[in-house]
Structures are given as structure tokens and as C-alpha cells.
$ cat protein.txt   # compact mmCIF, C-alpha atoms and all ligand atoms
# COMPACT_ATOMS: atom_id res chain seq x y z
CA MET M 21 11.19 -4.28 -27.29
CA TYR M 22 10.06 -4.84 -23.73
CA ASP M 23 10.16 -8.37 -22.30
CA LEU M 24 7.13 -8.87 -20.09
CA VAL M 25 5.53 -11.35 -17.72
CA GLU M 26 2.08 -9.81 -17.35
CA ILE M 27 0.03 -6.62 -17.43
CA PHE M 28 -3.04 -6.33 -15.24
CA GLU M 29 -5.21 -3.89 -13.32
CA SER M 30 -5.57 -4.12 -9.57
CA LEU M 31 -5.29 -2.13 -6.35
CA GLN M 32 -1.86 -1.50 -4.92
CA GLY M 33 -1.68 -3.95 -2.06
CA GLU M 34 1.15 -2.60 0.08
CA GLY M 35 2.80 0.47 1.49
CA ARG M 36 1.69 4.09 1.43
CA ASN M 37 -0.29 3.70 -1.79
CA ALA M 38 -2.27 0.66 -0.61
CA GLY M 39 -5.73 0.72 -2.15
CA ARG M 40 -4.77 2.86 -5.16
CA PRO M 41 -6.11 1.51 -8.48
CA CYS M 42 -3.14 0.89 -10.77
CA VAL M 43 -2.07 -0.85 -13.96
CA PHE M 44 0.72 -3.26 -13.04
CA VAL M 45 3.37 -3.92 -15.67
CA ARG M 46 5.59 -6.83 -14.67
CA PHE M 47 8.86 -6.95 -16.60
CA ALA M 48 10.75 -10.20 -17.12
CA GLY M 49 14.16 -10.86 -15.60
CA CYS M 50 15.85 -10.26 -12.27
CA ASN M 51 19.47 -9.89 -11.20
CA LEU M 52 18.90 -11.65 -7.86
CA ALA M 53 17.87 -15.21 -7.03
CA CYS M 54 16.19 -14.98 -3.63
CA PRO M 55 15.77 -18.54 -2.34
CA TRP M 56 12.13 -17.94 -1.37
CA CYS M 57 11.17 -16.04 -4.54
CA ASP M 58 7.74 -17.02 -5.84
CA THR M 59 7.53 -14.32 -8.52
CA ASP M 60 7.36 -15.44 -12.12
CA VAL M 61 10.15 -13.54 -13.89
CA ALA M 62 10.22 -15.55 -17.13
CA ARG M 63 9.47 -13.71 -20.37
CA HIS M 64 5.92 -14.50 -21.52
CA PHE M 65 5.69 -11.97 -24.34
CA SER M 66 7.38 -8.88 -25.76
CA LEU M 67 5.91 -5.57 -26.89
CA SER M 68 7.23 -2.51 -28.68
CA LEU M 69 6.93 0.87 -26.95
CA ASP M 70 3.78 1.67 -28.93
CA GLY M 71 2.37 -1.78 -28.21
CA LEU M 72 3.02 -1.45 -24.50
CA LEU M 73 1.48 2.04 -24.36
CA ALA M 74 -1.59 0.77 -26.20
CA GLU M 75 -1.93 -2.14 -23.78
CA ILE M 76 -1.62 0.12 -20.72
CA GLY M 77 -4.10 2.54 -22.30
CA GLN M 78 -6.79 -0.15 -22.38
CA TYR M 79 -7.16 0.11 -18.61
CA LYS M 80 -8.97 2.89 -16.75
CA PRO M 81 -6.40 3.80 -14.04
CA LYS M 82 -3.99 6.59 -14.86
CA SER M 83 -1.51 5.16 -12.37
CA VAL M 84 1.09 2.63 -13.47
CA VAL M 85 3.32 0.41 -11.34
CA LEU M 86 6.49 -0.76 -13.10
CA THR M 87 7.50 -3.94 -11.34
CA GLY M 88 9.28 -7.22 -11.88
CA GLY M 89 11.51 -9.01 -11.66
CA GLU M 90 13.71 -5.97 -11.55
CA PRO M 91 12.45 -3.10 -13.73
CA THR M 92 15.61 -1.02 -13.35
CA LEU M 93 17.37 -3.56 -15.60
CA VAL M 94 15.17 -2.63 -18.58
CA ALA M 95 17.38 -0.65 -20.95
CA GLU M 96 14.47 1.02 -22.78
CA MET M 97 12.78 2.24 -19.59
CA PRO M 98 13.62 5.96 -20.03
CA GLU M 99 11.56 6.01 -23.26
CA LEU M 100 8.60 4.35 -21.56
CA VAL M 101 8.74 6.67 -18.53
CA ALA M 102 8.89 9.75 -20.79
CA ALA M 103 5.97 8.51 -22.90
CA LEU M 104 3.84 7.72 -19.84
CA LYS M 105 4.55 11.14 -18.33
CA GLU M 106 3.56 12.80 -21.63
CA ARG M 107 0.24 10.99 -21.35
CA GLY M 108 -0.31 12.18 -17.78
CA TYR M 109 0.33 8.95 -15.91
CA TRP M 110 1.41 8.74 -12.27
CA ILE M 111 4.29 6.27 -12.24
CA ALA M 112 5.53 4.09 -9.40
CA VAL M 113 8.50 1.72 -9.57
CA GLU M 114 9.11 -1.32 -7.39
CA THR M 115 12.80 -2.16 -7.18
CA ASN M 116 15.13 -4.34 -5.14
CA GLY M 117 17.54 -1.39 -4.84
CA THR M 118 20.48 -2.96 -6.68
CA CYS M 119 20.55 -0.44 -9.54
CA ASP M 120 20.37 3.34 -9.13
CA ALA M 121 19.02 4.03 -12.62
CA GLU M 122 19.03 7.71 -13.64
CA TRP M 123 15.43 7.59 -14.86
CA LEU M 124 14.21 6.87 -11.32
CA ALA M 125 14.47 10.64 -10.78
CA PHE M 126 11.64 11.13 -13.28
CA VAL M 127 9.02 8.81 -11.79
CA ASP M 128 6.54 9.80 -9.08
CA TYR M 129 7.18 7.11 -6.54
CA VAL M 130 10.02 4.68 -5.80
CA SER M 131 9.30 1.70 -3.59
CA CYS M 132 12.42 -0.23 -2.63
CA SER M 133 12.34 -3.77 -1.24
CA PRO M 134 15.95 -4.62 -0.42
CA LYS M 135 16.71 -8.28 0.21
CA ALA M 136 18.48 -9.43 3.37
CA GLU M 137 20.18 -12.19 1.36
CA TYR M 138 22.02 -9.55 -0.73
CA PRO M 139 23.00 -6.67 1.59
CA ASP M 140 26.13 -5.90 -0.43
CA ARG M 141 24.15 -5.44 -3.66
CA ILE M 142 22.13 -2.45 -2.39
CA VAL M 143 23.19 0.74 -4.16
CA LEU M 144 20.03 2.85 -4.03
CA ARG M 145 20.41 5.78 -1.63
CA ARG M 146 16.96 7.36 -1.83
CA ALA M 147 13.40 6.08 -2.19
CA ASP M 148 9.91 7.16 -1.22
CA GLU M 149 9.30 4.01 0.75
CA VAL M 150 11.36 1.03 1.85
CA ARG M 151 9.77 -2.33 2.60
CA VAL M 152 11.54 -5.22 4.29
CA VAL M 153 10.04 -8.68 4.80
CA ALA M 154 10.32 -9.88 8.41
CA SER M 155 11.33 -13.45 7.65
CA SER M 156 13.03 -13.82 11.07
CA GLU M 157 14.18 -11.79 14.07
CA ALA M 158 17.38 -11.10 12.11
CA ALA M 159 15.33 -8.61 10.10
CA VAL M 160 15.84 -6.11 12.96
CA GLY M 161 19.54 -5.69 12.15
CA PHE M 162 18.91 -5.60 8.42
CA CYS M 163 16.20 -2.94 8.81
CA ARG M 164 18.55 -0.75 10.86
CA ASP M 165 21.28 -1.16 8.26
CA VAL M 166 18.90 -0.33 5.41
CA GLN M 167 17.52 2.70 7.26
CA SER M 168 21.05 4.09 7.60
CA ARG M 169 21.78 3.55 3.89
CA ILE M 170 18.54 4.44 2.10
CA ALA M 171 16.84 7.77 2.84
CA ALA M 172 13.07 7.37 2.60
CA THR M 173 9.88 9.00 3.83
CA ASP M 174 8.34 5.72 5.02
CA TYR M 175 9.86 2.48 6.24
CA TYR M 176 7.68 -0.63 6.33
CA VAL M 177 7.99 -4.15 7.62
CA SER M 178 5.99 -6.73 5.70
CA PRO M 179 4.96 -9.98 7.37
CA CYS M 180 6.46 -13.09 5.80
CA ASP M 181 4.11 -15.28 3.76
CA ARG M 182 5.07 -18.94 4.03
CA ALA M 183 2.87 -20.81 1.57
CA GLY M 184 -0.18 -18.80 2.58
CA GLU M 185 0.62 -18.62 6.31
CA ILE M 186 1.08 -14.93 7.15
CA ASP M 187 3.57 -14.53 10.01
CA PHE M 188 2.33 -11.41 11.77
CA ALA M 189 3.95 -12.42 15.07
CA THR M 190 7.52 -12.06 13.79
CA ALA M 191 6.65 -8.80 12.01
CA LYS M 192 5.18 -7.40 15.23
CA SER M 193 8.23 -8.45 17.25
CA VAL M 194 10.60 -6.94 14.67
CA LEU M 195 8.62 -3.69 14.59
CA SER M 196 8.70 -3.36 18.36
CA GLN M 197 12.51 -3.21 18.21
CA LEU M 198 12.68 -0.49 15.51
CA ASP M 199 12.15 3.27 15.43
CA GLY M 200 10.18 4.86 12.60
CA TRP M 201 8.94 1.65 10.98
CA SER M 202 5.31 0.60 10.42
CA LEU M 203 3.53 -2.55 9.36
CA SER M 204 2.80 -2.73 5.65
CA VAL M 205 -0.70 -4.15 5.57
CA GLN M 206 -0.81 -6.50 2.59
CA LEU M 207 -4.33 -5.71 1.44
CA HIS M 208 -4.17 -8.12 -1.47
CA LYS M 209 -3.49 -11.03 0.89
CA LEU M 210 -6.01 -10.00 3.55
CA LEU M 211 -8.79 -9.34 1.05
CA GLY M 212 -7.84 -12.06 -1.40
CA PHE M 213 -7.30 -9.99 -4.53
CA ARG M 214 -4.41 -10.21 -6.89
S1 LIG W 301 14.43 -9.54 -6.14
FE1 LIG W 301 12.24 -10.10 -6.18
S2 LIG W 301 11.88 -10.99 -8.23
FE2 LIG W 301 14.11 -10.94 -7.88
S3 LIG W 301 14.61 -12.98 -7.08
FE3 LIG W 301 14.29 -11.62 -5.29
S4 LIG W 301 12.10 -11.83 -4.78
FE4 LIG W 301 12.38 -12.70 -6.84
$ encode --input "protein.txt" --output "C-alpha cells" --more "lines below"
Ligand code: SF4
Amino acid sequence: MYDLVEIFESLQGEGRNAGRPCVFVRFAGCNLACPWCDTDVARHFSLSLDGLLAEIGQYKPKSVVLTGGEPTLVAEMPELVAALKERGYWIAVETNGTCDAEWLAFVDYVSCSPKAEYPDRIVLRRADEVRVVASSEAAVGFCRDVQSRIAATDYYVSPCDRAGEIDFATAKSVLSQLDGWSLSVQLHKLLGFR
């Protein structure tokens, strides 16, 4: 069984795939406790593999984002990834980088958002994109550290959202001190969609 928070259709809001229509599957549970976390990670319902595939199949997009919480903690994920690939889905995973699950090699896109509060927990060594939230100027050092530890095609800085106040100024300052990093435009926040 898969413990879930929510399943919904939207556009990817951030990173290289911003604007792509996707089915988002949010799994319950996380192995970190970021002090500013505003993501609901509590289990709201559970589905079998067949039930989850049927639910995903109700939506039009053939792109799925496996997110959380922390989806790499889901023991039954290899079965889901294999079943989605059989059905022709493009699969992206959003992870905090604390678990280098073998099945990540079989998805189409890995987006890693390592947390500055847990630098010693990062074990992922490769991703398609890395996104770091610029919560303060200290993000410069963390970004450099992450860039040296995780090989990725794209590195993004996301502006910090403090109760609806988007801090672009700090993100811009952080970016100006880095090489090879870009701003991740958070479409969902700018345009007001989920
Ligand atoms: S890794 Fe993400 S879901 Fe987990 S506690 Fe941190 S912000 Fe919340």
C-alpha cells in the first residue's frame, strides 16, 4: 500500500520543467523536520498499486511528479515506477537528497532540493536539477558545497517565501555570488496556481 497526502493535476511550477502539465502524487512521510516546512506530510489515505495507477490514469497528463514528503522513503516505489514506465509515463521525482534509492536510475528526471539545515544528510551524488532556497546570504556557501557534491545539469536558487512574501532580493544577491546558478521562477506563486 502507498500512504498518500494528495493527488492532483497542475503545471510544474519550478525548475527546468516549469509550465509542464503533470499529475502530482504527494507521498506521506519525511525523514527531515525543516523548521520552516509548510508541506503537509501526514497520511490522508492509502492506495494499492492498482488503485494508485487507476487514480493517476484519471488525469490527462502523461507526466507524473512523485513528491512528498520524501518519496525515496517509499519501499514499494520500484513497482510503481516500473508500472508507470510500462504505461508510457514520463516520471519526475522531487527529493531532498538524503536517500540514493536505486530506482532513481529508472525515472526520467530527478530534482533535488537539499536542505541547508541538514548538510550532513545529503547522500545523492547526481540529479538532473538541484534547487536551493535562498533563505539568507548563508545560502551562498551551501550552494557552493552542494554544487561540489551533487553533479547536475542545472542549478537553481529559489527565492524564500515567508508567509506569502517572496524574497527576490536575497535570491538575487545570492545568485550574483555564484557561478552556473539561475533563478528558479516559481510560476505557481507568481501566477497563483497550485
Ligand atoms: S524535506 Fe521537505 S517535506 Fe521534509 S521537512 Fe523539509 S521541507 Fe518539509
$ atom_distance --input "protein.txt" --atom1 "atom CA of M:Ala183" --atom2 "atom CA of M:Gln206"
14.8 Å
$ residues_near_ligand --input "protein.txt" --ligand "ligand LIG 301 (chain W)" --cutoff "8 Å" --atoms "all atoms listed in the file" --output "list in words"
Gly49, Cys50, Asn51, Leu52, Ala53, Cys54, Pro55, Trp56, Cys57, Asp58, Thr59, Asp60, Val61, Gly88, Gly89, Glu90, Thr115, Asn116, Ser133, Pro134 and Lys135 of chain M
$ write_last_selection --input "protein.txt" --atoms "C-alpha atoms" --output "PDB file, in the coordinates of the input"
ATOM      1  CA  GLY M  49      14.160 -10.860 -15.600  1.00  0.00           C
ATOM      2  CA  CYS M  50      15.850 -10.260 -12.270  1.00  0.00           C
ATOM      3  CA  ASN M  51      19.470  -9.890 -11.200  1.00  0.00           C
ATOM      4  CA  LEU M  52      18.900 -11.650  -7.860  1.00  0.00           C
ATOM      5  CA  ALA M  53      17.870 -15.210  -7.030  1.00  0.00           C
ATOM      6  CA  CYS M  54      16.190 -14.980  -3.630  1.00  0.00           C
ATOM      7  CA  PRO M  55      15.770 -18.540  -2.340  1.00  0.00           C
ATOM      8  CA  TRP M  56      12.130 -17.940  -1.370  1.00  0.00           C
ATOM      9  CA  CYS M  57      11.170 -16.040  -4.540  1.00  0.00           C
ATOM     10  CA  ASP M  58       7.740 -17.020  -5.840  1.00  0.00           C
ATOM     11  CA  THR M  59       7.530 -14.320  -8.520  1.00  0.00           C
ATOM     12  CA  ASP M  60       7.360 -15.440 -12.120  1.00  0.00           C
ATOM     13  CA  VAL M  61      10.150 -13.540 -13.890  1.00  0.00           C
ATOM     14  CA  GLY M  88       9.280  -7.220 -11.880  1.00  0.00           C
ATOM     15  CA  GLY M  89      11.510  -9.010 -11.660  1.00  0.00           C
ATOM     16  CA  GLU M  90      13.710  -5.970 -11.550  1.00  0.00           C
ATOM     17  CA  THR M 115      12.800  -2.160  -7.180  1.00  0.00           C
ATOM     18  CA  ASN M 116      15.130  -4.340  -5.140  1.00  0.00           C
ATOM     19  CA  SER M 133      12.340  -3.770  -1.240  1.00  0.00           C
ATOM     20  CA  PRO M 134      15.950  -4.620  -0.420  1.00  0.00           C
ATOM     21  CA  LYS M 135      16.710  -8.280   0.210  1.00  0.00           C
TER      22      LYS M 135
END
$ closest_atom_pairs --input "protein.txt" --of "stretch 52-171 of chain M" --to "stretch 36-40 of chain M" --cutoff "10 Å" --atoms "all atoms listed in the file" --output "JSON lines"
{"residue": "M:Pro81", "atom": "CA", "partner": "M:Arg40", "partner_atom": "CA", "distance": 9.1}
{"residue": "M:Ser83", "atom": "CA", "partner": "M:Arg40", "partner_atom": "CA", "distance": 8.2}
{"residue": "M:Ala112", "atom": "CA", "partner": "M:Asn37", "partner_atom": "CA", "distance": 9.6}
{"residue": "M:Tyr129", "atom": "CA", "partner": "M:Asn37", "partner_atom": "CA", "distance": 9.5}
{"residue": "M:Ser131", "atom": "CA", "partner": "M:Arg36", "partner_atom": "CA", "distance": 9.4}
{"residue": "M:Asp148", "atom": "CA", "partner": "M:Arg36", "partner_atom": "CA", "distance": 9.2}
{"residue": "M:Glu149", "atom": "CA", "partner": "M:Arg36", "partner_atom": "CA", "distance": 7.6}
$ atom_distance --input "protein.txt" --atom1 "atom CA of M:Arg214" --atom2 "atom CA of M:Leu195"
26.0 Å
$ atom_distance --input "protein.txt" --atom1 "atom CA of M:Ser168" --atom2 "atom CA of M:Ser155"
20.1 Å
$ residues_near_point --input "protein.txt" --point "(2.5, -7.7, 7.3)" --cutoff "10 Å" --atoms "only C-alpha atoms" --output "number ranges by chain"
M: 34, 152-154, 176-181, 186-192, 202-207, 209-210
$ residues_around --input "protein.txt" --residues "stretch 92-99 of chain M" --least-positions-apart "5" --cutoff "12 Å" --atoms "only C-alpha atoms" --output "MDAnalysis selection string"
chainID M and resid 21:24 45:52 67:70 72:73 86:87 104:106 111:127 130:132 144
$ write_last_selection --input "protein.txt" --atoms "C-alpha atoms" --output "tab-separated table (two decimals), in the coordinates of the input"
chain	number	residue	atom	x	y	z
M	21	MET	CA	11.19	-4.28	-27.29
M	22	TYR	CA	10.06	-4.84	-23.73
M	23	ASP	CA	10.16	-8.37	-22.30
M	24	LEU	CA	7.13	-8.87	-20.09
M	45	VAL	CA	3.37	-3.92	-15.67
M	46	ARG	CA	5.59	-6.83	-14.67
M	47	PHE	CA	8.86	-6.95	-16.60
M	48	ALA	CA	10.75	-10.20	-17.12
M	49	GLY	CA	14.16	-10.86	-15.60
M	50	CYS	CA	15.85	-10.26	-12.27
M	51	ASN	CA	19.47	-9.89	-11.20
M	52	LEU	CA	18.90	-11.65	-7.86
M	67	LEU	CA	5.91	-5.57	-26.89
M	68	SER	CA	7.23	-2.51	-28.68
M	69	LEU	CA	6.93	0.87	-26.95
M	70	ASP	CA	3.78	1.67	-28.93
M	72	LEU	CA	3.02	-1.45	-24.50
M	73	LEU	CA	1.48	2.04	-24.36
M	86	LEU	CA	6.49	-0.76	-13.10
M	87	THR	CA	7.50	-3.94	-11.34
M	104	LEU	CA	3.84	7.72	-19.84
M	105	LYS	CA	4.55	11.14	-18.33
M	106	GLU	CA	3.56	12.80	-21.63
M	111	ILE	CA	4.29	6.27	-12.24
M	112	ALA	CA	5.53	4.09	-9.40
M	113	VAL	CA	8.50	1.72	-9.57
M	114	GLU	CA	9.11	-1.32	-7.39
M	115	THR	CA	12.80	-2.16	-7.18
M	116	ASN	CA	15.13	-4.34	-5.14
M	117	GLY	CA	17.54	-1.39	-4.84
M	118	THR	CA	20.48	-2.96	-6.68
M	119	CYS	CA	20.55	-0.44	-9.54
M	120	ASP	CA	20.37	3.34	-9.13
M	121	ALA	CA	19.02	4.03	-12.62
M	122	GLU	CA	19.03	7.71	-13.64
M	123	TRP	CA	15.43	7.59	-14.86
M	124	LEU	CA	14.21	6.87	-11.32
M	125	ALA	CA	14.47	10.64	-10.78
M	126	PHE	CA	11.64	11.13	-13.28
M	127	VAL	CA	9.02	8.81	-11.79
M	130	VAL	CA	10.02	4.68	-5.80
M	131	SER	CA	9.30	1.70	-3.59
M	132	CYS	CA	12.42	-0.23	-2.63
M	144	LEU	CA	20.03	2.85	-4.03
$ closest_residue --input "protein.txt" --among "M:Ile170, M:Ile76, M:Ala136, M:Val143" --to "M:Glu157" --atoms "only C-alpha atoms"
M:Ala136
$ axis_aligned_box --input "protein.txt" --around "stretch 147-162 of chain M" --padding-each-side "8 Å" --output "JSON"
{"center_x": 14.4, "center_y": -3.3, "center_z": 5.9, "size_x": 26.2, "size_y": 37.0, "size_z": 32.3}
$ closest_residue --input "protein.txt" --among "M:Tyr79, M:Phe213, M:Val150, M:His208" --to "M:Gly33" --atoms "only C-alpha atoms"
M:His208
$ closest_residue --input "protein.txt" --among "M:Val160, M:Val85, M:Ala62, M:Ala74" --to "M:Ser196" --atoms "all atoms listed in the file"
M:Val160
$ closest_residue --input "protein.txt" --among "M:Gly200, M:Gly161, M:Pro41, M:Gly108" --to "M:Tyr175" --atoms "only C-alpha atoms"
M:Gly200
$ residues_around --input "protein.txt" --residues "M:Lys82" --least-positions-apart "3" --cutoff "8 Å" --atoms "only C-alpha atoms" --output "CSV table (one decimal) with C-alpha atoms, keeping the file's coordinate frame"
chain,number,residue,atom,x,y,z
M,42,CYS,CA,-3.1,0.9,-10.8
M,43,VAL,CA,-2.1,-0.8,-14.0
M,108,GLY,CA,-0.3,12.2,-17.8
M,109,TYR,CA,0.3,9.0,-15.9
M,110,TRP,CA,1.4,8.7,-12.3
$ decode --input "protein.txt" --residues "stretch 139-151 of chain M" --atoms "all heavy atoms" --output "compact mmCIF listing (two decimals), in the first residue's frame"
# COMPACT_ATOMS: atom_id res chain seq x y z
N PRO M 139 23.06 19.53 6.13
CA PRO M 139 24.09 19.29 5.11
C PRO M 139 24.71 17.90 5.21
O PRO M 139 25.12 17.33 4.18
CB PRO M 139 25.13 20.39 5.40
CG PRO M 139 24.90 20.77 6.82
CD PRO M 139 23.43 20.61 7.05
N ASP M 140 24.77 17.35 6.41
CA ASP M 140 25.42 16.04 6.58
C ASP M 140 24.54 14.88 6.14
O ASP M 140 25.01 13.74 6.07
CB ASP M 140 25.82 15.83 8.04
CG ASP M 140 26.82 16.88 8.50
OD1 ASP M 140 27.51 17.44 7.62
OD2 ASP M 140 26.88 17.15 9.72
N ARG M 141 23.26 15.15 5.86
CA ARG M 141 22.34 14.07 5.46
C ARG M 141 22.32 13.85 3.95
O ARG M 141 21.70 12.92 3.47
CB ARG M 141 20.93 14.40 5.95
CG ARG M 141 20.80 14.56 7.47
CD ARG M 141 20.83 13.23 8.20
NE ARG M 141 19.69 12.40 7.85
CZ ARG M 141 18.50 12.48 8.45
NH1 ARG M 141 18.32 13.35 9.43
NH2 ARG M 141 17.52 11.67 8.09
N ILE M 142 22.98 14.74 3.20
CA ILE M 142 22.92 14.64 1.73
C ILE M 142 23.79 13.50 1.24
O ILE M 142 25.00 13.48 1.50
CB ILE M 142 23.38 15.97 1.07
CG1 ILE M 142 22.52 17.13 1.54
CG2 ILE M 142 23.33 15.85 -0.45
CD1 ILE M 142 23.08 18.50 1.18
N VAL M 143 23.18 12.53 0.56
CA VAL M 143 23.96 11.41 0.02
C VAL M 143 23.86 11.31 -1.50
O VAL M 143 24.66 10.63 -2.13
CB VAL M 143 23.51 10.05 0.63
CG1 VAL M 143 23.74 10.04 2.13
CG2 VAL M 143 22.05 9.77 0.32
N LEU M 144 22.87 11.98 -2.09
CA LEU M 144 22.70 11.91 -3.54
C LEU M 144 23.91 12.54 -4.23
O LEU M 144 24.40 13.59 -3.79
CB LEU M 144 21.41 12.66 -3.93
CG LEU M 144 20.81 12.30 -5.28
CD1 LEU M 144 20.32 10.86 -5.30
CD2 LEU M 144 19.66 13.24 -5.62
N ARG M 145 24.39 11.91 -5.26
CA ARG M 145 25.59 12.42 -5.96
C ARG M 145 25.27 12.89 -7.37
O ARG M 145 26.14 13.47 -8.03
CB ARG M 145 26.66 11.31 -6.03
CG ARG M 145 27.25 10.98 -4.68
CD ARG M 145 28.12 12.13 -4.15
NE ARG M 145 28.49 11.95 -2.75
CZ ARG M 145 27.88 12.58 -1.75
NH1 ARG M 145 26.88 13.42 -1.98
NH2 ARG M 145 28.25 12.38 -0.49
N ARG M 146 24.07 12.61 -7.85
CA ARG M 146 23.72 13.00 -9.22
C ARG M 146 22.24 13.32 -9.28
O ARG M 146 21.43 12.63 -8.65
CB ARG M 146 24.08 11.85 -10.18
CG ARG M 146 23.50 11.94 -11.57
CD ARG M 146 24.28 11.14 -12.58
NE ARG M 146 25.59 11.72 -12.87
CZ ARG M 146 25.79 12.81 -13.62
NH1 ARG M 146 24.77 13.43 -14.15
NH2 ARG M 146 27.00 13.25 -13.85
N ALA M 147 21.90 14.38 -10.03
CA ALA M 147 20.50 14.74 -10.24
C ALA M 147 20.42 15.48 -11.57
O ALA M 147 21.45 15.83 -12.16
CB ALA M 147 20.00 15.63 -9.10
N ASP M 148 19.22 15.67 -12.07
CA ASP M 148 19.08 16.49 -13.27
C ASP M 148 19.12 17.96 -12.89
O ASP M 148 19.76 18.76 -13.56
CB ASP M 148 17.78 16.13 -13.98
CG ASP M 148 17.86 14.74 -14.57
OD1 ASP M 148 18.51 14.59 -15.62
OD2 ASP M 148 17.33 13.80 -13.98
N GLU M 149 18.41 18.30 -11.83
CA GLU M 149 18.50 19.68 -11.36
C GLU M 149 18.59 19.70 -9.84
O GLU M 149 18.11 18.79 -9.16
CB GLU M 149 17.30 20.52 -11.83
CG GLU M 149 16.01 20.23 -11.10
CD GLU M 149 14.86 21.14 -11.57
OE1 GLU M 149 14.78 21.46 -12.78
OE2 GLU M 149 14.04 21.51 -10.72
N VAL M 150 19.23 20.75 -9.35
CA VAL M 150 19.33 20.99 -7.91
C VAL M 150 18.71 22.35 -7.64
O VAL M 150 18.96 23.32 -8.37
CB VAL M 150 20.81 20.98 -7.46
CG1 VAL M 150 20.95 21.50 -6.04
CG2 VAL M 150 21.39 19.58 -7.57
N ARG M 151 17.88 22.42 -6.61
CA ARG M 151 17.27 23.71 -6.24
C ARG M 151 17.52 23.98 -4.77
O ARG M 151 17.29 23.13 -3.92
CB ARG M 151 15.75 23.67 -6.48
CG ARG M 151 15.34 23.61 -7.92
CD ARG M 151 13.89 24.08 -8.09
NE ARG M 151 12.95 23.41 -7.23
CZ ARG M 151 12.14 22.43 -7.62
NH1 ARG M 151 12.15 22.03 -8.87
NH2 ARG M 151 11.30 21.88 -6.78
